[in-house]
Each structure stands twice: as structure tokens, then as C-alpha cells.
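Chemist: Can you read through this structure? Questions will come right after.
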Amino acid sequence: MFLQGRLRVEPNPAAVAAVVAEHLLSALARKEVLGLATGRTMEPVYAALRERLQRLTSAQRLSLLEGWRSFNLDEYVGLGPADSRSFAAFMQQQLGDPLALAPALLQLPDGRAADPELEAHRYAAALAAAGGIDLQLLGLGANGHVGFNEPPCPADAPCRCLTLSRATRDQNAAAFGGDPAAVPQRAITLGTAEILAARRVLLVVTGAAKAQILRRTLQEPPCPEVPASWLQRHPQLEVVVDQAAAAALALR
Ligand code: GLP
């Protein structure tokens, strides 16, 4: 059962973003390997991080950003950084360009690789060579996925190429002109294995639409049908949510 001491409920998404941005700044100060996520939940988080960095002197900012190492969770098969709908483009727009990070520092699976399975192996090996992830940032899919680990998913699934569910393609259709059929069929994602191997995990969830899946994630026994529920087993999990997302949790 998930320990309540590891749950932080904030009034709104802006307050959630402020908490998460502080975690990211501390991790940068410690020169940790960051595991980064995409999705709408992360937009205010990255905005809060940018704001805090911009308030520093340029010497302070450069010293924090020096040695940046990050690995994103996932990428659509077929989309490269030049495609504005790719996660590579999202990261470049959210952090790469504003923070003047060289594109190679923001690592993601290469969606344009000729052999996506081979690319998943290469990406997992690059992450292992960097020593794994110190702080893994995670959003929560409406169907309980983390990264693109679609249900059903065991706790030890490796980095791989997989077929996206209809639910996920519906959820992400907005970025593809509202047409689920335009969302790529496949993606490369870090597995639950790499995610659970991170030293610390920060699950970030906002909005009333996620209230029921957050309850199943944290307060029902872990199961393959809710891949995020395996996070309950992580010894260093912290969950930061807003009041709307926390609405269905049994809190004492
Ligand atoms: C996407 C991503 C996940 C993300 C989740 C939630 O499909 N693959 O990494 O956390 O779904 O997205 P959002 O924050 O837009 O609700």
C-alpha cells in the first residue's frame, strides 16, 4: 500500500509545477542524470523551471546547466526532431532552445531509426552507460500508462518498441489535428524495468480527469492493467498532485 507520507497535494497545477521545478533544480545542482517526460502535465513544470533559471545570474545558470544529462521516456516511431509533433521537438521547444542546450544533451529514442527495436536496445545501452537515471519525472496516462508502457504491462518490461493503444492515440490526438488515426501506431519507450530502476521517481498528476486512475495507481494492489501501479514498489517514490487529481484518494 502506498505510504501517504510520500504524497504531496497542492492546490493547483501551478503550485505542483513549482514543487517539481525545485526538485529538478536540486537534481541539476547535484549533476544527476534526469529522466524527463513529455505531455501537457509537464508544460507548467518546464515553464516553472525556465522561470527559476532565468532569475539566476548567468554564471549561476551556466553552472547549474553545465554537465546536463537527460534521457526522455519515449518517442513516436516515424517522427524526428524536425517534426513539430515529435517529443524531440517538444523538448527542444520547452527546454533546449530556451536554455540554449545543445540538442544532443536532450537524449530521446530516435523515432526515425530504420530499425526501432534495435534503436530501443541502443537507447537502453546509452542509459546504462550513463549509470541509469537518478531522478525520473513521470506523468500518468489516462489508461494508467507511464512512458508508453501500455496495459497490460509487467513490472519488468524492458525498453522496447510497441504498438500504442487506441485509448492513448485518442488521448494524444490533439497534437495531431484532433485525429486519432494521424497519431503514429508505434512508439519506443523506456520500460517499467528502467523506470523502476531509477534512484528516485517523481510522479506528477493534475486535473480531475486523472482522479480515478490516480486512485487505482496508488490505492489498489499493483497489477499489469495499471502499469503505473508498479510504482508503489519503488522505495523512493514521491507523488505530487493537485487537489482535483487527489479527489478520489482515500486520505486520512
Ligand atoms: C503521454 C506520454 C506520457 C505522459 C502521458 C500523460 O502519452 N507518453 O509520458 O506522461 O501520456 O500525458 P498528459 O500529461 O498530456 O496527460
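We name chains A, B, ... following the order of the C-alpha cells; residues begin at 1 in each chain, and ligands are numbered from 1 as shown.
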Select the residues contacting ligand 1 at a distance of at most 6 Å, based on only C-alpha atoms and all ligand atoms, then format the selection as a ChimeraX atom specification.
Modeler: /A:37-41,138-141,146-148
Chemist: Could you write those residues out with all heavy atoms, as an mmCIF file, in the first residue's frame?
Modeler:
```
data_model
loop_
_atom_site.group_PDB
_atom_site.id
_atom_site.type_symbol
_atom_site.label_atom_id
_atom_site.label_comp_id
_atom_site.auth_asym_id
_atom_site.auth_seq_id
_atom_site.Cartn_x
_atom_site.Cartn_y
_atom_site.Cartn_z
ATOM 1 N N ALA A 37 10.008 13.704 -19.079
ATOM 2 C CA ALA A 37 8.737 13.258 -19.653
ATOM 3 C C ALA A 37 8.150 14.371 -20.517
ATOM 4 O O ALA A 37 8.486 15.544 -20.345
ATOM 5 C CB ALA A 37 7.769 12.898 -18.527
ATOM 6 N N THR A 38 7.265 13.988 -21.411
ATOM 7 C CA THR A 38 6.526 14.969 -22.214
ATOM 8 C C THR A 38 5.066 14.957 -21.757
ATOM 9 O O THR A 38 4.734 14.327 -20.760
ATOM 10 C CB THR A 38 6.651 14.634 -23.712
ATOM 11 O OG1 THR A 38 6.282 13.263 -23.885
ATOM 12 C CG2 THR A 38 8.065 14.838 -24.206
ATOM 13 N N GLY A 39 4.216 15.658 -22.487
ATOM 14 C CA GLY A 39 2.792 15.687 -22.136
ATOM 15 C C GLY A 39 2.405 17.052 -21.565
ATOM 16 O O GLY A 39 3.249 17.825 -21.136
ATOM 17 N N ARG A 40 1.103 17.279 -21.560
ATOM 18 C CA ARG A 40 0.594 18.589 -21.121
ATOM 19 C C ARG A 40 0.904 18.862 -19.663
ATOM 20 O O ARG A 40 1.125 19.997 -19.256
ATOM 21 C CB ARG A 40 -0.928 18.656 -21.359
ATOM 22 C CG ARG A 40 -1.270 18.883 -22.816
ATOM 23 C CD ARG A 40 -2.592 18.272 -23.191
ATOM 24 N NE ARG A 40 -2.495 16.813 -23.238
ATOM 25 C CZ ARG A 40 -3.375 16.003 -23.830
ATOM 26 N NH1 ARG A 40 -4.440 16.528 -24.392
ATOM 27 N NH2 ARG A 40 -3.207 14.705 -23.839
ATOM 28 N N THR A 41 0.928 17.804 -18.841
ATOM 29 C CA THR A 41 1.221 17.971 -17.416
ATOM 30 C C THR A 41 2.578 18.645 -17.216
ATOM 31 O O THR A 41 2.771 19.385 -16.241
ATOM 32 C CB THR A 41 1.237 16.591 -16.721
ATOM 33 O OG1 THR A 41 0.048 15.894 -17.088
ATOM 34 C CG2 THR A 41 1.325 16.723 -15.216
ATOM 35 N N LEU A 138 7.682 11.621 -14.081
ATOM 36 C CA LEU A 138 6.652 10.845 -14.781
ATOM 37 C C LEU A 138 5.312 11.557 -14.771
ATOM 38 O O LEU A 138 4.896 12.080 -13.728
ATOM 39 C CB LEU A 138 6.425 9.497 -14.080
ATOM 40 C CG LEU A 138 7.480 8.403 -14.143
ATOM 41 C CD1 LEU A 138 6.998 7.214 -13.318
ATOM 42 C CD2 LEU A 138 7.760 7.993 -15.575
ATOM 43 N N GLY A 139 4.630 11.533 -15.906
ATOM 44 C CA GLY A 139 3.215 11.875 -15.944
ATOM 45 C C GLY A 139 2.434 10.567 -15.872
ATOM 46 O O GLY A 139 3.022 9.480 -15.790
ATOM 47 N N LEU A 140 1.129 10.678 -15.924
ATOM 48 C CA LEU A 140 0.280 9.489 -15.843
ATOM 49 C C LEU A 140 -0.696 9.499 -17.011
ATOM 50 O O LEU A 140 -1.446 10.471 -17.194
ATOM 51 C CB LEU A 140 -0.489 9.504 -14.509
ATOM 52 C CG LEU A 140 -1.450 8.356 -14.244
ATOM 53 C CD1 LEU A 140 -0.713 7.013 -14.164
ATOM 54 C CD2 LEU A 140 -2.225 8.605 -12.943
ATOM 55 N N GLY A 141 -0.684 8.426 -17.797
ATOM 56 C CA GLY A 141 -1.641 8.313 -18.899
ATOM 57 C C GLY A 141 -3.038 8.043 -18.354
ATOM 58 O O GLY A 141 -3.190 7.443 -17.281
ATOM 59 N N VAL A 146 2.692 4.636 -17.996
ATOM 60 C CA VAL A 146 3.800 5.550 -17.703
ATOM 61 C C VAL A 146 4.782 5.398 -18.859
ATOM 62 O O VAL A 146 5.017 4.277 -19.331
ATOM 63 C CB VAL A 146 4.502 5.264 -16.348
ATOM 64 C CG1 VAL A 146 3.731 5.885 -15.212
ATOM 65 C CG2 VAL A 146 4.717 3.782 -16.117
ATOM 66 N N GLY A 147 5.380 6.526 -19.293
ATOM 67 C CA GLY A 147 6.061 6.487 -20.581
ATOM 68 C C GLY A 147 4.989 6.063 -21.571
ATOM 69 O O GLY A 147 3.868 6.581 -21.544
ATOM 70 N N PHE A 148 5.305 5.071 -22.403
ATOM 71 C CA PHE A 148 4.265 4.493 -23.258
ATOM 72 C C PHE A 148 4.075 3.018 -22.898
ATOM 73 O O PHE A 148 3.753 2.205 -23.769
ATOM 74 C CB PHE A 148 4.626 4.654 -24.736
ATOM 75 C CG PHE A 148 4.099 5.924 -25.363
ATOM 76 C CD1 PHE A 148 4.903 6.682 -26.204
ATOM 77 C CD2 PHE A 148 2.803 6.357 -25.145
ATOM 78 C CE1 PHE A 148 4.424 7.833 -26.807
ATOM 79 C CE2 PHE A 148 2.305 7.508 -25.735
ATOM 80 C CZ PHE A 148 3.119 8.248 -26.571
#
```
Chemist: Neighbours of region 52-65 of chain A within 8 Å (only C-alpha atoms; same-chain residues fewer than 6 positions away dropped), as JSON, numbers by chain?
Modeler: {"A": [21, 25, 28, 29, 31]}
Chemist: Could you produce a table of the residues of region 89-164 of chain A lying within 12 Å of region 185-191 of chain A, with the nearest pair of atoms per residue and their separation in Å rounded to one decimal, using only C-alpha atoms, ordered by chain and increasing residue number, as a Markdown table?
Modeler:
```
| residue | atom | partner | partner_atom | distance |
| --- | --- | --- | --- | --- |
| A:Leu108 | CA | A:Thr189 | CA | 9.3 |
| A:Pro109 | CA | A:Ile188 | CA | 6.6 |
| A:Asp110 | CA | A:Ile188 | CA | 8.3 |
| A:Gly111 | CA | A:Ile188 | CA | 7.3 |
| A:Arg112 | CA | A:Ile188 | CA | 10.6 |
| A:Ala113 | CA | A:Ile188 | CA | 10.4 |
| A:Asp115 | CA | A:Ile188 | CA | 10.8 |
| A:Pro116 | CA | A:Ile188 | CA | 7.0 |
| A:Glu117 | CA | A:Ile188 | CA | 8.0 |
| A:Leu118 | CA | A:Ile188 | CA | 10.3 |
| A:Glu119 | CA | A:Ile188 | CA | 8.2 |
| A:Ala120 | CA | A:Ile188 | CA | 6.3 |
| A:His121 | CA | A:Leu190 | CA | 10.0 |
| A:Arg122 | CA | A:Ile188 | CA | 11.3 |
| A:Tyr123 | CA | A:Leu190 | CA | 8.5 |
| A:Ala124 | CA | A:Leu190 | CA | 7.4 |
| A:Ala125 | CA | A:Leu190 | CA | 11.2 |
| A:Ala126 | CA | A:Leu190 | CA | 11.7 |
| A:Leu127 | CA | A:Leu190 | CA | 9.7 |
| A:Ala128 | CA | A:Leu190 | CA | 11.7 |
| A:Gly132 | CA | A:Leu190 | CA | 11.4 |
| A:Ile133 | CA | A:Leu190 | CA | 11.1 |
| A:Gln136 | CA | A:Leu190 | CA | 11.1 |
| A:Leu138 | CA | A:Leu190 | CA | 11.6 |
| A:His145 | CA | A:Gly191 | CA | 10.6 |
| A:Val146 | CA | A:Gly191 | CA | 8.7 |
| A:Gly147 | CA | A:Thr189 | CA | 6.1 |
| A:Phe148 | CA | A:Thr189 | CA | 5.6 |
| A:Asn149 | CA | A:Gly191 | CA | 6.4 |
| A:Glu150 | CA | A:Thr189 | CA | 9.9 |
| A:Cys153 | CA | A:Gly191 | CA | 9.1 |
| A:Pro154 | CA | A:Gly191 | CA | 9.4 |
| A:Ala155 | CA | A:Gly191 | CA | 8.5 |
| A:Asp156 | CA | A:Gly191 | CA | 7.3 |
| A:Ala157 | CA | A:Gly191 | CA | 5.0 |
| A:Pro158 | CA | A:Gly191 | CA | 4.3 |
| A:Cys159 | CA | A:Leu190 | CA | 4.1 |
| A:Arg160 | CA | A:Ile188 | CA | 5.6 |
| A:Cys161 | CA | A:Ile188 | CA | 4.3 |
| A:Leu162 | CA | A:Arg186 | CA | 5.5 |
| A:Thr163 | CA | A:Arg186 | CA | 4.4 |
| A:Leu164 | CA | A:Arg186 | CA | 5.4 |
```
Chemist: Within 12 Å of Gly5 (chain A), counting only C-alpha atoms, which residues show up once you throw out same-chain ones fewer than 4 positions away? Write them as a PyMOL selection string, please.
Modeler: chain A and resi 1+9+236-240+251-252
Chemist: Running DSSP on the backbone, which parts of region 47-248 of chain A land in strand (DSSP E or B), as an MDAnalysis selection string?
Modeler: chainID A and resid 69:72 74:76 106:107 135:138 146 149 160:163 186:189 200:205 223 226 237:242
Chemist: Considering only C-alpha atoms, can you say which of A:Thr217, A:Asn12, A:Gln92, A:Ser26 comes closest to Gly80 (chain A)?
Modeler: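 With only C-alpha atoms as the atom set, the closest residue is A:Gln92.
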Chemist: Just give me the gap between CA of Gly78 (chain A) and CA of Ala181 (chain A) in Å, one decimal is fine.
Modeler: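 Calculated distance between CA of Gly78 (chain A) and CA of Ala181 (chain A) is 14.3 Å.
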Chemist: What's around Pro13 (chain A) at 9 Å? Count only C-alpha atoms, leave out sequence neighbours fewer than 5 positions away in its own chain, and write the answer as a PDB file with N, CA and C atoms, in the first residue's frame.
Modeler:
```pdb
ATOM      1  N   ALA A  18       5.667  24.310  -9.324  1.00  0.00           N
ATOM      2  CA  ALA A  18       6.700  24.969  -8.511  1.00  0.00           C
ATOM      3  C   ALA A  18       7.467  23.934  -7.688  1.00  0.00           C
ATOM      4  N   THR A  41       0.928  17.804 -18.841  1.00  0.00           N
ATOM      5  CA  THR A  41       1.221  17.971 -17.416  1.00  0.00           C
ATOM      6  C   THR A  41       2.578  18.645 -17.216  1.00  0.00           C
ATOM      7  N   PRO A  44       3.593  23.266 -17.591  1.00  0.00           N
ATOM      8  CA  PRO A  44       3.829  24.224 -16.495  1.00  0.00           C
ATOM      9  C   PRO A  44       5.077  23.901 -15.679  1.00  0.00           C
ATOM     10  N   VAL A  45       5.439  22.631 -15.606  1.00  0.00           N
ATOM     11  CA  VAL A  45       6.656  22.234 -14.869  1.00  0.00           C
ATOM     12  C   VAL A  45       7.886  22.835 -15.547  1.00  0.00           C
ATOM     13  N   VAL A 205       0.775  14.473 -11.275  1.00  0.00           N
ATOM     14  CA  VAL A 205      -0.560  14.254 -11.827  1.00  0.00           C
ATOM     15  C   VAL A 205      -1.454  15.452 -11.493  1.00  0.00           C
ATOM     16  N   THR A 206      -2.101  16.005 -12.517  1.00  0.00           N
ATOM     17  CA  THR A 206      -3.003  17.138 -12.289  1.00  0.00           C
ATOM     18  C   THR A 206      -4.314  16.925 -13.046  1.00  0.00           C
ATOM     19  N   GLY A 207      -5.371  17.518 -12.508  1.00  0.00           N
ATOM     20  CA  GLY A 207      -6.648  17.541 -13.204  1.00  0.00           C
ATOM     21  C   GLY A 207      -7.610  16.448 -12.782  1.00  0.00           C
ATOM     22  N   VAL A 241       0.605  16.027  -6.662  1.00  0.00           N
ATOM     23  CA  VAL A 241      -0.662  16.136  -7.392  1.00  0.00           C
ATOM     24  C   VAL A 241      -1.398  17.411  -6.985  1.00  0.00           C
ATOM     25  N   ASP A 242      -2.365  17.808  -7.810  1.00  0.00           N
ATOM     26  CA  ASP A 242      -3.207  18.920  -7.381  1.00  0.00           C
ATOM     27  C   ASP A 242      -4.488  18.358  -6.738  1.00  0.00           C
ATOM     28  N   GLN A 243      -5.262  19.265  -6.143  1.00  0.00           N
ATOM     29  CA  GLN A 243      -6.452  18.815  -5.410  1.00  0.00           C
ATOM     30  C   GLN A 243      -7.436  18.091  -6.315  1.00  0.00           C
TER      31      GLN A 243
END
```
Chemist: Determine which residues of region 1-246 of chain A DSSP labels as helix (DSSP H, G or I) from the backbone of this structure, then write them out as a ChimeraX atom specification.
Modeler: /A:4-6,13-29,42-55,58-65,87-96,103-105,116-129,166-171,173-176,180-182,192-197,208-219,227-233,243-246
Chemist: Excluding same-chain residues fewer than 5 positions from Ala175 (chain A), what lies within 12 Å of it counting only C-alpha atoms, as a list of chain:residue names?
Modeler: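 Non-adjacent residues within range: A:Gly39, A:Arg40, A:Asp83, A:Ser84, A:Arg85, A:Ser86, A:Phe87, A:Phe90, A:Arg169, A:Asp170, A:Pro180, A:Ala181, A:Ala182, A:Val183, A:Pro184.
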Chemist: Quick one: residues within 9 Å of Ala247 (chain A), only C-alpha atoms, excluding same-chain residues fewer than 6 positions away - as JSON, numbers by chain?
Modeler: {"A": [208, 211, 212, 215]}
Chemist: Export N, CA and C atoms of the chosen residues as a compact mmCIF listing (two decimals), in the first residue's frame?
Modeler:
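again-v2.txt, written as the output of this step:
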```
# COMPACT_ATOMS: atom_id res chain seq x y z
N ALA A 208 -8.89 16.82 -12.77
CA ALA A 208 -9.95 15.91 -12.33
C ALA A 208 -10.04 14.66 -13.21
N ALA A 211 -8.31 11.65 -11.71
CA ALA A 211 -8.58 11.29 -10.30
C ALA A 211 -8.76 9.78 -10.12
N GLN A 212 -9.56 9.16 -10.97
CA GLN A 212 -9.84 7.72 -10.79
C GLN A 212 -8.61 6.87 -11.10
N ARG A 215 -6.21 7.07 -8.24
CA ARG A 215 -6.63 6.21 -7.12
C ARG A 215 -6.24 4.76 -7.40
```
